[in-house]
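For reference, the structure discussed in these notes is given below.
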Amino acid sequence: MTKKPTQLKPWPNQTAMLSSVTPLFPRHTDARTFHLDLSQVSEMTSSGLTVLAIRLLKGLGSKDMNYRISYNASNYRKFKELCFLECLSNGEARQVEDLFSLKEHPISNYNDSHIIFSRPISYLGFSKSLNSRLLVREFLSDLGDDLRELEGQFLLKMHKILMILNEIAKNSADHSNADALFGLDICHYSQTHAKLCFTFGDLGPGIKSHIEQNLPVEEITRKAHFDLSQAYRLALKDGYSSRSTINNRGFGLPIIVDGATEAGISLNVFDASSMGTLSGISTDQPFSHARVRKHFRNIGQRIGFLYIGELLISFK
Amino acid sequence: MNLRISEFFGTDILHEETITRGIAGFPHSFNDDVTLDFSNCTLEYDATGMIIDHVFNNFEEAVETPRVKIIYDINYPEKHLLVWFFNETKLLGGARDLTHEDRRSLLDKTLKEKQATIEIEITNSTDDGGKNIAYVYGIEKNS
């Protein structure tokens, strides 16, 4: 009898993914050029490369950096398919030197048999868009078309995923003032299940910093003593918005975390400036300092602002 | 009258423009109970509000106790369902910054004034076929 897989644990399940990204952080060859050696990477996913791209774009900061990227023959095609280079060069004045293509190596020994579906990385240029909500709708419409094609293979209501991603993308568009990236994959997990993984990241300051920078007047005097749990208590409070407008009702993050729970998604929110991740929290109980601390883990490094979600789905 | 929202407005995200484009093909008069089936739809507050207001504005006078049943297939907590379906409706009179309890009370009060009932039914609350869940507001609510 096949053992039924349990729900994925949000943490430390993703430490493996993070540790695989950390060594890839580029060594700089001179003040303006970073050499990214990916020649030892045997397999890559859209969601994993999105983490790497966010880490590079956010970590390097300066807009006039150049990248020198080395591949191997077997992963070159995947880079092309997933539009990794295009995402890096979408930052202003960035140049990406594609070393492999200059060598014109043949494509060989390429094997991604356990990856069922990988979506090319989406680059959402919120910072330059006059109507970022329209950009979100176009992105979700394209994503919806892709996901609904997969409904024939899996027991999953794809609009559950779309509902959450819509709220994530709107939050990013409204609050980050920065561009965002998105990657999604479905991989074989067992004979009966596959694993859907997505990464949505933006180049903004993250939740804690954003909340601190946009405190309501009555809270400003407390800013110096504002700790992590107080920032998250505000962010997760129904109806609290740091930027109250016709588009911002203050339900985004509560809906995201509760929606993920309902959909069975193990969701981690990596908060850029506070170097930690919030996982497995919901709004069904009052927030206390102890409760936020229980769900927030410091990872000791800045990887940018990311939502990383994983979900086990059954084959039909 | 049973209305599948995705048949009128598509399965893309429901938003204001989608509703404006599709409303011409949507019924404009209701003489009996109405069921609005939002299954498979990706919701936005403004769009759901426009549809629900349209229905309440177009009940025929002969309907003394209007009844609207809302069907949805994602089991969000009641507090989120009330925001998604009613935050932008005239039923709440533009009062958006309410607590969950206040939002529920105001909805109940308004519906009782209109002698109306709204039921939200959540179908198949889990992917492997859970029981349906129902929330009732207005004159049929068990106090």
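We label chains A, B, ... in the order they appear in the structure tokens, count residues from 1 in each chain, and number ligands from 1 in the order shown.
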
Which of chain B fall in strand (DSSP E or B), as a VMD selection string: chain B and resid 2 to 4 13 30 34 to 37 42 59 67 to 72 117 to 122 133 to 138

Just-selected residues, C-alpha atoms written as a PDB file, in the first residue's frame:
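And here's out.pdb as it stands now:
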```pdb
ATOM      1  CA  ASN B   2     -29.320  29.740 -11.404  1.00  0.00           C
ATOM      2  CA  LEU B   3     -26.509  31.808 -12.902  1.00  0.00           C
ATOM      3  CA  ARG B   4     -22.982  30.511 -13.408  1.00  0.00           C
ATOM      4  CA  ILE B  13      -9.952  37.502 -12.790  1.00  0.00           C
ATOM      5  CA  PHE B  30     -35.321  38.734 -11.389  1.00  0.00           C
ATOM      6  CA  VAL B  34     -31.380  33.863  -7.539  1.00  0.00           C
ATOM      7  CA  THR B  35     -28.350  31.606  -7.272  1.00  0.00           C
ATOM      8  CA  LEU B  36     -25.010  33.172  -8.211  1.00  0.00           C
ATOM      9  CA  ASP B  37     -22.453  30.419  -8.733  1.00  0.00           C
ATOM     10  CA  THR B  42     -10.887  34.434  -9.336  1.00  0.00           C
ATOM     11  CA  PHE B  59     -35.620  42.210  -8.284  1.00  0.00           C
ATOM     12  CA  ARG B  67     -33.326  35.522  -1.655  1.00  0.00           C
ATOM     13  CA  VAL B  68     -29.838  35.269  -3.141  1.00  0.00           C
ATOM     14  CA  LYS B  69     -27.700  32.208  -2.789  1.00  0.00           C
ATOM     15  CA  ILE B  70     -23.979  32.609  -3.467  1.00  0.00           C
ATOM     16  CA  ILE B  71     -22.053  29.465  -4.294  1.00  0.00           C
ATOM     17  CA  TYR B  72     -18.281  29.361  -4.109  1.00  0.00           C
ATOM     18  CA  THR B 117     -31.841  36.788   2.680  1.00  0.00           C
ATOM     19  CA  ILE B 118     -28.363  35.941   1.446  1.00  0.00           C
ATOM     20  CA  GLU B 119     -26.883  32.492   1.827  1.00  0.00           C
ATOM     21  CA  ILE B 120     -23.257  31.704   1.049  1.00  0.00           C
ATOM     22  CA  GLU B 121     -22.693  28.044   0.332  1.00  0.00           C
ATOM     23  CA  ILE B 122     -19.162  26.688   0.097  1.00  0.00           C
ATOM     24  CA  ILE B 133     -20.691  24.862   4.473  1.00  0.00           C
ATOM     25  CA  ALA B 134     -23.387  27.534   4.619  1.00  0.00           C
ATOM     26  CA  TYR B 135     -23.596  31.023   6.097  1.00  0.00           C
ATOM     27  CA  VAL B 136     -26.986  32.776   6.195  1.00  0.00           C
ATOM     28  CA  TYR B 137     -27.673  36.506   6.621  1.00  0.00           C
ATOM     29  CA  GLY B 138     -30.903  38.506   6.751  1.00  0.00           C
TER      30      GLY B 138
END
```

Expected answer as a list in words: chain A residues within 7 Å of chain B, only C-alpha atoms: Ser141, Gly144, Leu156, His159, Lys160, Leu162, Met163, Gly239, Ile255, Gly259 and Glu262 of chain A

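Of the listed residues B:Ser29, B:Thr48, B:Asn57, B:Gln115, the one whose atoms come nearest to Glu16 (chain B) is B:Thr48, with distances taken using only C-alpha atoms.
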
Contacts of region 175-182 of chain A within 10 Å, only C-alpha atoms, excl. fewer than 6 positions in-chain, as a PyMOL selection string: chain A and resi 46-47+49-51+53-54+87+90-91+119-129+132+139+165+169+198-207+210-211+241-243+248+305-308

So that I have them on file, write out the residues from the current selection with N, CA and C atoms, as a compact mmCIF listing (two decimals), in the first residue's frame.
```txt
# COMPACT_ATOMS: atom_id res chain seq x y z
N SER A 46 12.21 26.94 -12.85
CA SER A 46 11.80 28.34 -12.99
C SER A 46 11.74 29.01 -11.61
N SER A 47 11.16 28.29 -10.62
CA SER A 47 11.03 28.90 -9.28
C SER A 47 12.40 29.07 -8.63
N LEU A 49 15.34 29.48 -10.23
CA LEU A 49 16.06 30.56 -10.91
C LEU A 49 15.49 31.93 -10.55
N THR A 50 14.21 31.97 -10.22
CA THR A 50 13.62 33.24 -9.78
C THR A 50 14.26 33.69 -8.47
N VAL A 51 14.48 32.73 -7.56
CA VAL A 51 15.17 33.06 -6.29
C VAL A 51 16.55 33.62 -6.59
N ALA A 53 17.64 35.00 -9.38
CA ALA A 53 17.57 36.31 -10.04
C ALA A 53 17.27 37.42 -9.05
N ILE A 54 16.33 37.16 -8.13
CA ILE A 54 16.00 38.17 -7.12
C ILE A 54 17.23 38.45 -6.26
N CYS A 87 15.51 38.27 -17.70
CA CYS A 87 15.12 38.84 -16.40
C CYS A 87 16.25 39.67 -15.80
N ASN A 90 16.54 43.01 -17.55
CA ASN A 90 15.43 43.95 -17.46
C ASN A 90 15.71 45.09 -16.49
N GLY A 91 16.72 44.89 -15.63
CA GLY A 91 17.13 46.00 -14.78
C GLY A 91 17.82 47.04 -15.64
N ARG A 119 7.41 27.05 -16.15
CA ARG A 119 6.94 28.24 -16.84
C ARG A 119 8.10 29.24 -16.93
N PRO A 120 8.32 29.83 -18.11
CA PRO A 120 9.38 30.84 -18.19
C PRO A 120 9.18 31.93 -17.12
N ILE A 121 10.28 32.44 -16.60
CA ILE A 121 10.18 33.44 -15.54
C ILE A 121 9.49 34.69 -16.09
N SER A 122 8.53 35.19 -15.32
CA SER A 122 7.86 36.45 -15.70
C SER A 122 8.55 37.61 -15.03
N TYR A 123 8.79 38.66 -15.78
CA TYR A 123 9.36 39.89 -15.21
C TYR A 123 8.28 40.96 -15.23
N LEU A 124 7.87 41.43 -14.07
CA LEU A 124 6.80 42.42 -13.98
C LEU A 124 7.41 43.78 -13.67
N GLY A 125 7.40 44.64 -14.68
CA GLY A 125 8.07 45.94 -14.55
C GLY A 125 7.21 46.98 -13.85
N PHE A 126 6.88 46.74 -12.59
CA PHE A 126 6.00 47.66 -11.85
C PHE A 126 6.60 49.06 -11.74
N SER A 127 7.93 49.13 -11.61
CA SER A 127 8.55 50.43 -11.33
C SER A 127 8.37 51.41 -12.48
N LYS A 128 8.21 50.88 -13.70
CA LYS A 128 8.08 51.78 -14.86
C LYS A 128 6.66 51.81 -15.40
N SER A 129 5.77 51.04 -14.80
CA SER A 129 4.42 50.93 -15.34
C SER A 129 3.53 52.07 -14.83
N SER A 132 0.08 49.62 -12.81
CA SER A 132 0.64 48.33 -12.38
C SER A 132 -0.47 47.29 -12.15
N PHE A 139 -0.70 39.58 -16.36
CA PHE A 139 0.13 38.48 -15.86
C PHE A 139 -0.75 37.32 -15.41
N LEU A 165 -2.10 34.12 -5.82
CA LEU A 165 -1.10 34.84 -6.60
C LEU A 165 -1.60 36.23 -7.01
N ALA A 169 0.54 39.45 -6.10
CA ALA A 169 0.99 40.37 -7.15
C ALA A 169 0.45 41.78 -6.92
N PHE A 198 6.14 27.51 -6.52
CA PHE A 198 6.20 28.83 -7.15
C PHE A 198 7.02 29.78 -6.30
N THR A 199 7.61 30.74 -6.98
CA THR A 199 8.34 31.81 -6.30
C THR A 199 7.86 33.14 -6.86
N PHE A 200 7.44 34.03 -5.99
CA PHE A 200 7.13 35.39 -6.41
C PHE A 200 8.02 36.30 -5.57
N GLY A 201 8.87 37.06 -6.22
CA GLY A 201 9.75 37.94 -5.46
C GLY A 201 9.71 39.35 -6.03
N ASP A 202 9.97 40.33 -5.20
CA ASP A 202 10.11 41.68 -5.74
C ASP A 202 11.36 42.34 -5.18
N LEU A 203 11.73 43.46 -5.79
CA LEU A 203 12.97 44.13 -5.41
C LEU A 203 12.72 45.23 -4.39
N GLY A 204 11.57 45.17 -3.75
CA GLY A 204 11.22 46.17 -2.74
C GLY A 204 11.86 45.89 -1.39
N PRO A 205 11.50 46.68 -0.37
CA PRO A 205 12.18 46.59 0.93
C PRO A 205 11.70 45.45 1.82
N GLY A 206 10.60 44.80 1.45
CA GLY A 206 10.05 43.76 2.32
C GLY A 206 9.00 44.31 3.26
N ILE A 207 8.34 43.42 3.97
CA ILE A 207 7.17 43.81 4.77
C ILE A 207 7.55 44.68 5.96
N HIS A 210 8.75 48.16 5.02
CA HIS A 210 7.66 48.94 4.42
C HIS A 210 6.68 49.42 5.49
N ILE A 211 6.35 48.52 6.40
CA ILE A 211 5.43 48.90 7.48
C ILE A 211 6.05 50.02 8.32
N SER A 241 -3.96 48.96 6.18
CA SER A 241 -3.17 49.16 4.98
C SER A 241 -2.18 50.28 5.23
N SER A 242 -0.95 50.04 4.81
CA SER A 242 0.06 51.08 4.96
C SER A 242 -0.14 52.19 3.93
N ARG A 243 -0.96 51.92 2.95
CA ARG A 243 -1.21 52.92 1.91
C ARG A 243 -2.68 52.84 1.54
N ASN A 248 -6.48 49.74 -2.01
CA ASN A 248 -5.87 49.08 -0.87
C ASN A 248 -6.81 49.07 0.31
N PHE A 305 13.05 39.90 -1.14
CA PHE A 305 11.69 39.65 -0.67
C PHE A 305 11.03 38.60 -1.56
N LEU A 306 10.65 37.48 -0.96
CA LEU A 306 10.15 36.36 -1.75
C LEU A 306 8.99 35.66 -1.06
N TYR A 307 8.00 35.29 -1.84
CA TYR A 307 7.02 34.30 -1.40
C TYR A 307 7.42 33.00 -2.08
N ILE A 308 7.62 31.94 -1.31
CA ILE A 308 7.91 30.65 -1.92
C ILE A 308 6.84 29.66 -1.45
```

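If you measure from each of B:Glu17, B:Glu101, B:Thr89, B:Phe8 to Arg137 (chain A) using only C-alpha atoms, the closest one turns out to be B:Glu17.
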
Need the shell around Ile23 (chain B): protein/DNA/RNA residues with any atom at most 10 Å away, counting only C-alpha atoms. Skip same-chain ones fewer than 4 positions apart. Format as an mmCIF file with C-alpha atoms, in the first residue's frame?
```cif
data_model
loop_
_atom_site.group_PDB
_atom_site.id
_atom_site.type_symbol
_atom_site.label_atom_id
_atom_site.label_comp_id
_atom_site.auth_asym_id
_atom_site.auth_seq_id
_atom_site.Cartn_x
_atom_site.Cartn_y
_atom_site.Cartn_z
ATOM 1 C CA PHE B 8 -21.199 35.378 -18.363
ATOM 2 C CA PHE B 9 -17.880 36.926 -17.401
ATOM 3 C CA GLU B 17 -13.885 46.061 -16.609
ATOM 4 C CA THR B 18 -14.825 42.380 -17.053
ATOM 5 C CA ILE B 19 -18.188 43.079 -15.467
ATOM 6 C CA PRO B 27 -30.196 38.962 -16.877
ATOM 7 C CA HIS B 28 -31.728 42.334 -16.040
ATOM 8 C CA MET B 50 -21.180 45.088 -8.891
ATOM 9 C CA ILE B 51 -22.845 41.737 -9.604
ATOM 10 C CA HIS B 54 -27.066 44.500 -9.937
#
```
